[in-house]
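**Student:** This is the content of entry.txt (compact mmCIF, C-alpha atoms):
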```txt
# COMPACT_ATOMS: atom_id res chain seq x y z
CA MET F 6 0.00 0.00 0.00
CA SER F 7 1.43 3.42 -0.97
CA LYS F 8 1.86 6.33 1.44
CA LYS F 9 -0.88 8.19 -0.40
CA GLU F 10 -3.29 5.31 0.06
CA LYS F 11 -2.37 4.93 3.72
CA SER F 12 -2.96 8.62 4.35
CA GLU F 13 -6.60 8.12 3.45
CA TYR F 14 -6.99 5.92 6.54
CA ILE F 15 -5.58 8.42 9.04
CA ILE F 16 -8.00 9.24 11.86
CA GLN F 17 -7.69 12.94 12.63
CA ALA F 18 -8.58 12.65 16.32
CA VAL F 19 -5.92 9.99 16.87
CA SER F 20 -3.39 12.13 15.01
CA HIS F 21 -4.23 15.11 17.25
CA ALA F 22 -3.89 12.96 20.37
CA LEU F 23 -0.42 11.84 19.30
CA ASP F 24 0.54 15.43 18.44
CA LEU F 25 -0.51 16.38 21.96
CA LEU F 26 1.61 13.66 23.59
CA GLU F 27 4.63 14.73 21.54
CA GLN F 28 4.46 18.23 23.07
CA PHE F 29 5.89 16.76 26.28
CA GLN F 30 9.23 15.90 24.61
CA GLY F 31 10.76 19.26 25.53
CA GLU F 32 12.15 20.49 28.82
CA GLU F 33 8.74 21.37 30.31
CA ASP F 34 7.44 18.76 32.74
CA GLU F 35 3.91 20.17 32.65
CA LEU F 36 1.76 22.01 30.12
CA GLY F 37 -1.60 23.74 30.48
CA VAL F 38 -4.63 23.64 28.23
CA THR F 39 -3.99 27.14 26.87
CA GLU F 40 -0.36 26.40 26.00
CA LEU F 41 -1.30 23.13 24.29
CA SER F 42 -4.11 24.87 22.41
CA ASN F 43 -1.69 27.49 21.09
CA ARG F 44 0.94 24.93 20.09
CA LEU F 45 -1.48 22.58 18.36
CA LYS F 46 -3.66 25.35 16.91
CA LEU F 47 -6.73 23.58 18.26
CA HIS F 48 -9.70 25.01 20.17
CA LYS F 49 -9.39 24.66 23.95
CA ASN F 50 -12.50 22.45 24.07
CA ASN F 51 -10.88 19.99 21.65
CA VAL F 52 -7.65 19.97 23.66
CA PHE F 53 -9.55 19.37 26.89
CA ARG F 54 -11.42 16.43 25.35
CA LEU F 55 -8.15 14.92 24.12
CA LEU F 56 -6.60 15.34 27.57
CA ALA F 57 -9.61 13.81 29.27
CA THR F 58 -9.40 10.76 27.00
CA LEU F 59 -5.66 10.32 27.49
CA GLU F 60 -6.04 10.85 31.25
CA SER F 61 -8.70 8.13 31.46
CA ARG F 62 -6.19 5.68 29.95
CA GLY F 63 -3.25 6.82 32.10
CA TYR F 64 -1.17 8.42 29.33
CA VAL F 65 -1.37 11.86 30.96
CA GLU F 66 -2.24 13.02 34.46
CA GLN F 67 -3.24 16.35 35.94
CA ASN F 68 -1.31 18.09 38.67
CA LYS F 69 -4.14 19.16 40.96
CA ALA F 70 -2.05 21.97 42.45
CA THR F 71 -1.30 23.69 39.13
CA GLU F 72 -4.12 22.20 37.00
CA ASN F 73 -1.49 21.56 34.31
CA TYR F 74 -0.91 18.17 32.69
CA ARG F 75 2.11 15.88 32.54
CA LEU F 76 2.86 12.46 31.11
CA GLY F 77 1.30 9.56 33.02
CA LEU F 78 2.67 6.18 34.02
CA LYS F 79 1.22 4.48 30.96
CA SER F 80 3.52 6.56 28.73
CA LEU F 81 6.50 5.40 30.80
CA GLU F 82 5.38 1.77 30.65
CA LEU F 83 5.04 1.95 26.87
CA GLY F 84 8.48 3.51 26.51
CA GLN F 85 10.07 0.92 28.77
CA THR F 86 8.47 -1.90 26.77
CA PHE F 87 9.99 -0.44 23.59
CA ILE F 88 13.41 -0.22 25.24
CA LYS F 89 13.30 -3.79 26.56
CA HIS F 90 12.57 -5.13 23.11
CA MET F 91 15.45 -3.35 21.45
CA GLY F 92 18.33 -5.75 20.91
CA LEU F 93 20.72 -2.81 20.92
CA LEU F 94 19.95 -1.94 24.53
CA HIS F 95 19.94 -5.55 25.68
CA GLN F 96 23.44 -6.01 24.30
CA ALA F 97 24.65 -2.56 25.39
CA LYS F 98 23.91 -2.71 29.12
CA PRO F 99 26.88 -4.85 30.22
CA ILE F 100 29.19 -2.87 27.96
CA LEU F 101 28.01 0.42 29.49
CA GLN F 102 28.82 -1.01 32.90
CA LYS F 103 32.24 -2.19 31.72
CA ILE F 104 33.11 1.27 30.41
CA VAL F 105 32.14 2.89 33.71
CA ASP F 106 34.21 0.30 35.58
CA LEU F 107 37.21 1.23 33.42
CA CYS F 108 37.03 5.04 33.61
CA ASN F 109 34.39 5.86 36.27
CA GLU F 110 32.61 8.36 34.05
CA THR F 111 28.96 8.28 33.01
CA CYS F 112 28.29 6.25 29.87
CA TYR F 113 25.35 6.37 27.43
CA VAL F 114 23.96 4.47 24.50
CA SER F 115 22.00 6.59 22.02
CA MET F 116 20.60 6.71 18.51
CA LEU F 117 19.86 9.30 15.82
CA LYS F 118 16.27 10.34 15.17
CA GLU F 119 15.32 13.11 12.75
CA GLY F 120 18.50 15.14 13.20
CA HIS F 121 18.50 14.72 16.97
CA ILE F 122 20.35 12.34 19.23
CA VAL F 123 18.10 10.40 21.65
CA TYR F 124 19.70 8.99 24.79
CA LEU F 125 18.30 5.54 25.52
CA ASP F 126 20.18 4.15 28.51
CA ILE F 127 22.84 5.11 31.03
CA VAL F 128 25.22 3.79 33.65
CA GLU F 129 26.39 6.58 35.94
CA THR F 130 29.71 7.39 37.55
CA THR F 131 30.20 7.03 41.31
CA TYR F 132 31.58 10.58 41.50
CA THR F 133 29.35 13.06 43.33
CA VAL F 134 30.04 15.69 40.65
CA ARG F 135 28.39 14.38 37.52
CA VAL F 136 26.30 15.44 34.53
CA MET F 137 22.52 15.27 34.89
CA SER F 138 21.06 12.19 33.21
CA ARG F 139 19.94 12.79 29.63
CA VAL F 140 18.00 9.54 29.15
CA GLY F 141 14.91 10.31 27.12
CA PHE F 142 16.26 13.71 26.01
CA ARG F 143 16.57 14.76 22.36
CA LEU F 144 19.54 17.02 21.61
CA PRO F 145 20.69 18.44 18.27
CA ALA F 146 23.12 16.04 16.62
CA TYR F 147 25.57 18.68 15.36
CA CYS F 148 26.66 19.76 18.87
CA THR F 149 26.91 16.42 20.66
CA ALA F 150 29.62 13.77 20.35
CA ALA F 151 27.10 10.95 19.87
CA GLY F 152 25.25 12.99 17.26
CA LYS F 153 28.38 13.88 15.31
CA VAL F 154 29.40 10.20 15.23
CA HIS F 155 26.12 9.44 13.46
CA LEU F 156 26.39 12.42 11.11
CA ALA F 157 29.94 11.50 10.12
CA PHE F 158 28.72 8.37 8.37
CA LEU F 159 25.69 9.82 6.61
CA LYS F 160 25.75 10.59 2.91
CA GLU F 161 26.74 14.09 1.81
CA GLU F 162 23.24 14.83 0.51
CA GLU F 163 21.72 13.92 3.88
CA ILE F 164 23.99 16.40 5.67
CA GLU F 165 22.96 19.02 3.12
CA ARG F 166 19.30 18.22 3.71
CA LEU F 167 19.65 18.54 7.47
CA TYR F 168 21.83 21.65 7.64
CA GLY F 169 22.14 23.20 4.19
CA LYS F 170 19.24 25.60 4.71
CA THR F 171 18.78 25.34 8.48
CA LYS F 172 20.51 27.70 10.89
CA MET F 173 22.47 25.82 13.54
CA GLU F 174 21.85 27.38 16.93
CA ALA F 175 24.88 28.33 19.03
CA PHE F 176 24.37 26.87 22.50
CA THR F 177 27.86 27.86 23.71
CA ALA F 178 30.88 29.70 22.38
CA ASN F 179 32.21 26.33 21.13
CA THR F 180 29.17 25.26 19.10
CA ILE F 181 29.84 24.61 15.42
CA THR F 182 27.31 26.69 13.49
CA GLY F 183 28.69 26.68 9.93
CA LEU F 184 28.11 23.87 7.43
CA ALA F 185 31.68 24.00 6.11
CA ASP F 186 33.10 23.73 9.63
CA LEU F 187 30.72 20.88 10.43
CA LYS F 188 31.79 18.94 7.32
CA LYS F 189 35.44 19.44 8.29
CA GLU F 190 34.68 18.09 11.77
CA LEU F 191 32.85 15.06 10.37
CA GLN F 192 35.78 14.26 8.08
CA LYS F 193 38.09 14.30 11.11
CA ILE F 194 35.74 11.94 12.98
CA ARG F 195 35.80 9.47 10.08
CA GLU F 196 39.59 9.53 10.15
CA ILE F 197 40.14 9.05 13.89
CA GLY F 198 37.08 6.88 14.63
CA TYR F 199 35.54 8.91 17.45
CA ALA F 200 33.92 12.29 18.16
CA VAL F 201 34.41 14.83 20.92
CA ASP F 202 31.88 17.33 22.26
CA ASN F 203 34.10 20.01 23.78
CA GLU F 204 31.48 22.03 25.70
CA GLU F 205 29.51 22.47 22.47
CA HIS F 206 26.02 22.02 23.91
CA ASP F 207 26.56 22.69 27.61
CA THR F 208 29.29 24.81 29.12
CA GLY F 209 31.37 22.68 31.47
CA VAL F 210 30.34 19.35 29.90
CA CYS F 211 32.51 17.21 27.62
CA CYS F 212 31.76 13.96 25.85
CA VAL F 213 33.56 11.34 23.76
CA ALA F 214 31.62 8.96 21.46
CA ALA F 215 32.18 6.10 19.03
CA PRO F 216 29.81 4.46 16.53
CA ILE F 217 27.86 1.22 16.92
CA ARG F 218 27.29 -0.75 13.70
CA ASP F 219 25.11 -3.77 12.95
CA TYR F 220 25.38 -6.67 10.50
CA THR F 221 24.62 -4.35 7.57
CA ARG F 222 27.69 -2.24 8.54
CA ARG F 223 25.34 0.71 9.10
CA VAL F 224 25.77 2.99 12.13
CA VAL F 225 22.76 2.23 14.33
CA GLY F 226 23.80 3.91 17.58
CA ALA F 227 26.59 5.47 19.58
CA LEU F 228 28.38 4.79 22.84
CA SER F 229 29.51 7.89 24.69
CA ILE F 230 31.37 8.86 27.85
CA SER F 231 30.24 12.13 29.41
CA GLY F 232 31.34 14.24 32.34
CA PRO F 233 32.49 17.60 33.68
CA SER F 234 35.09 19.24 31.45
CA MET F 235 37.52 19.53 34.37
CA ARG F 236 37.91 15.74 34.25
CA PHE F 237 38.24 15.61 30.44
CA PRO F 238 41.59 17.20 29.53
CA GLU F 239 42.72 16.50 25.95
CA GLU F 240 45.47 14.15 27.13
CA ARG F 241 42.98 11.95 28.97
CA ILE F 242 40.57 11.95 26.04
CA VAL F 243 43.25 10.88 23.55
CA ASN F 244 45.13 8.38 25.73
CA GLU F 245 42.37 6.85 27.86
CA LEU F 246 38.76 7.64 26.99
CA ALA F 247 38.90 7.47 23.18
CA PRO F 248 40.61 4.05 23.10
CA ILE F 249 38.05 2.69 25.58
CA ILE F 250 35.01 3.95 23.70
CA ILE F 251 36.35 2.82 20.30
CA LYS F 252 37.15 -0.68 21.56
CA GLU F 253 33.81 -1.16 23.33
CA GLY F 254 31.93 0.29 20.36
CA GLU F 255 33.56 -2.39 18.21
CA THR F 256 32.71 -5.07 20.78
CA LEU F 257 29.05 -4.06 20.80
CA SER F 258 29.00 -3.86 16.99
CA ILE F 259 30.30 -7.44 16.73
CA ARG F 260 27.57 -8.59 19.13
CA LEU F 261 25.04 -7.02 16.74
CA GLY F 262 26.48 -8.96 13.82
CA TYR F 263 29.08 -6.54 12.46
CA PRO F 264 31.82 -8.62 10.82
CA ALA F 265 34.94 -8.87 12.98
CA GLU F 266 38.22 -7.95 11.35
```
Using the file provided, produce a representation of the structure as C-alpha cells.

**Tutor:**
Amino acid sequence: MSKKEKSEYIIQAVSHALDLLEQFQGEEDELGVTELSNRLKLHKNNVFRLLATLESRGYVEQNKATENYRLGLKSLELGQTFIKHMGLLHQAKPILQKIVDLCNETCYVSMLKEGHIVYLDIVETTYTVRVMSRVGFRLPAYCTAAGKVHLAFLKEEEIERLYGKTKMEAFTANTITGLADLKKELQKIREIGYAVDNEEHDTGVCCVAAPIRDYTRRVVGALSISGPSMRFPEERIVNELAPIIIKEGETLSIRLGYPAE
C-alpha cells in the first residue's frame, strides 16, 4: 500500500492525540490547556477532550495543584516496553557497565532520530560531581559527540538536507554553526574513529563517542562517555577515553552482527 493510500486511513482525532503527547518531549514537565491549544492550533475544548481521553487511559495526568498536565505512568510503561525489546539496549547494558568500571565516568547508548540524538540508557559514575542524566532527552546532533558520530557516516546529501538551509543554533561559544566547519569536523571523525563534544552544547560538559554498527555495517547507535570538562583534559581523552570507547563500540558492533576484522 502506498503512502498516499495509507494517508486516506488516518483518523484525525488519533493524530491530534499523538501530536498532543509529543508536546511533552521538551524540557517542560507540565503544560496547560492554553499552551497546548496554542501549540497545536486547536480550540481549547478539543484539547480538553483529548486530555480527558488520554487521562482516562493513564497516558497523561493532571497536577491538581497547578491544573497543568504531565505524562502519566502508561507513557512510561510503553516507553520501557519499547526499550526492553530493542536488541541494541539488551546487548549494550553490560558494555556500558564495563566502560564505567574502566574510567568511572557516566556512559550512554544513544541513537539518531530526525536530526537529533536520543539517549536511551545510562550507567552513571560514582563521583558526586556528575552530569545530569539525559536519558529520554533529544539534543541536536551537530553539537553532541554521539550525534556527530552518526552524522559522520551519513551521505553528503543527507547532511545538506539537514543543515544546508537550516541555521544551527549556538548553544555555547564552542558550538559549530557553519556547514563547512561541520563537514570538516565530520571528516576528522571518520579519520580518527571517534567524536568529541568540547562544551559544544553545555558549558562545562565534555563527551567522547564512538559508533555502533550492525550486521549491515550501518551505524545504528553510539556509545559515549560524558562528564564535567575539568575531568576531560585533551590528554585523557586521547590516551584513555577514546581508546576505551572505540574498543567497546567495536565489541558491541560485533555482538550485533558486524563482521569482525

**Student:** Between CA of Leu26 (chain F) and CA of Tyr64 (chain F), measure the distance and give it in Å to one decimal.

**Tutor:**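 Going from CA of Leu26 (chain F) over to CA of Tyr64 (chain F) covers 8.3 Å.
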
**Student:** Counting all atoms listed in the file, what are the residues of region 100-178 of chain F within 8 Å of region 189-206 of chain F, and for each of them which pair of atoms is the nearest and at what distance in Å, to one decimal? Sort the table by chain and rising number, as JSON lines.

**Tutor:**
```
{"residue": "F:Cys148", "atom": "CA", "partner": "F:Glu205", "partner_atom": "CA", "distance": 5.3}
{"residue": "F:Thr149", "atom": "CA", "partner": "F:Asp202", "partner_atom": "CA", "distance": 5.3}
{"residue": "F:Ala150", "atom": "CA", "partner": "F:Asp202", "partner_atom": "CA", "distance": 4.6}
{"residue": "F:Ala151", "atom": "CA", "partner": "F:Ala200", "partner_atom": "CA", "distance": 7.2}
{"residue": "F:Lys153", "atom": "CA", "partner": "F:Ala200", "partner_atom": "CA", "distance": 6.4}
{"residue": "F:Val154", "atom": "CA", "partner": "F:Ala200", "partner_atom": "CA", "distance": 5.8}
{"residue": "F:Leu156", "atom": "CA", "partner": "F:Leu191", "partner_atom": "CA", "distance": 7.0}
{"residue": "F:Ala157", "atom": "CA", "partner": "F:Leu191", "partner_atom": "CA", "distance": 4.6}
{"residue": "F:Phe158", "atom": "CA", "partner": "F:Arg195", "partner_atom": "CA", "distance": 7.4}
{"residue": "F:Phe176", "atom": "CA", "partner": "F:His206", "partner_atom": "CA", "distance": 5.3}
{"residue": "F:Thr177", "atom": "CA", "partner": "F:Glu205", "partner_atom": "CA", "distance": 5.8}
{"residue": "F:Ala178", "atom": "CA", "partner": "F:Glu205", "partner_atom": "CA", "distance": 7.4}
```

**Student:** Would you compute the distance between CA of Thr208 (chain F) and CA of Val134 (chain F)? Give it in Å to one decimal.

**Tutor:**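 Pair CA of Thr208 (chain F) / CA of Val134 (chain F) returns 14.7 Å.
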
**Student:** CA of Asn179 (chain F) and CA of Phe29 (chain F), how far apart in Å?

**Tutor:**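 These atoms are spaced 28.5 Å apart.
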
**Student:** With distances taken over all atoms listed in the file, which residue among F:Arg135, F:Lys79, F:Arg143, F:Arg260 lies nearest Ser61 (chain F)?

**Tutor:**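 That would be F:Lys79, the residue with the smallest distance to Ser61 (chain F).
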
**Student:** Rank F:Phe53, F:Tyr113, F:Tyr168, F:Tyr263 by their smallest atom-to-atom distance to Pro99 (chain F), using only C-alpha atoms, and report the top residue only.

**Tutor:**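 Smallest distance to Pro99 (chain F) is found for F:Tyr113.
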
**Student:** Given the point (6.8, 9.0, 23.9) in the coordinates of this file, which residues lie within 8 Å, counting only C-alpha atoms, and how would they look as number ranges by chain?

**Tutor:** F: 26-27, 30, 80-81, 83-84

**Student:** Go through F:Asn43, F:Ser258, F:Gln102, F:Asn68 and flag the residue nearest Ile127 (chain F), using all atoms listed in the file for the distances.

**Tutor:** F:Gln102

**Student:** With only C-alpha atoms as the basis for distance, which of F:Ala214, F:Ile15, F:Thr39, F:Leu144 is at the shortest distance from Glu174 (chain F)?

**Tutor:** F:Leu144

**Student:** Taking into account all atoms listed in the file, which residue in the set F:Leu246, F:Leu167, F:Met173, F:Ile181 is nearest to Lys118 (chain F)?

**Tutor:**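 Answer, going by the shortest atom-to-atom distance: F:Leu167.
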
**Student:** Point out the residue among F:Glu162, F:Glu40, F:Asp207, F:Glu253 with the least atom-to-atom distance to Thr180 (chain F), counting all atoms listed in the file.

**Tutor:** F:Asp207

**Student:** Take the point (-5.5, 22.5, 35.8) as written in the file and pick out every residue within 12 Å of it, counting all atoms listed in the file; give the list as a VMD selection string.

**Tutor:** chain F and resid 35 to 40 53 56 to 57 66 to 75

**Student:** So that I can check the surroundings of Val224 (chain F), please list as a ChimeraX atom specification every protein, DNA and RNA residue that reaches within 8 Å of it, counting only C-alpha atoms and ignoring chain neighbours fewer than 6 positions away.

**Tutor:** /F:155,158,216-218
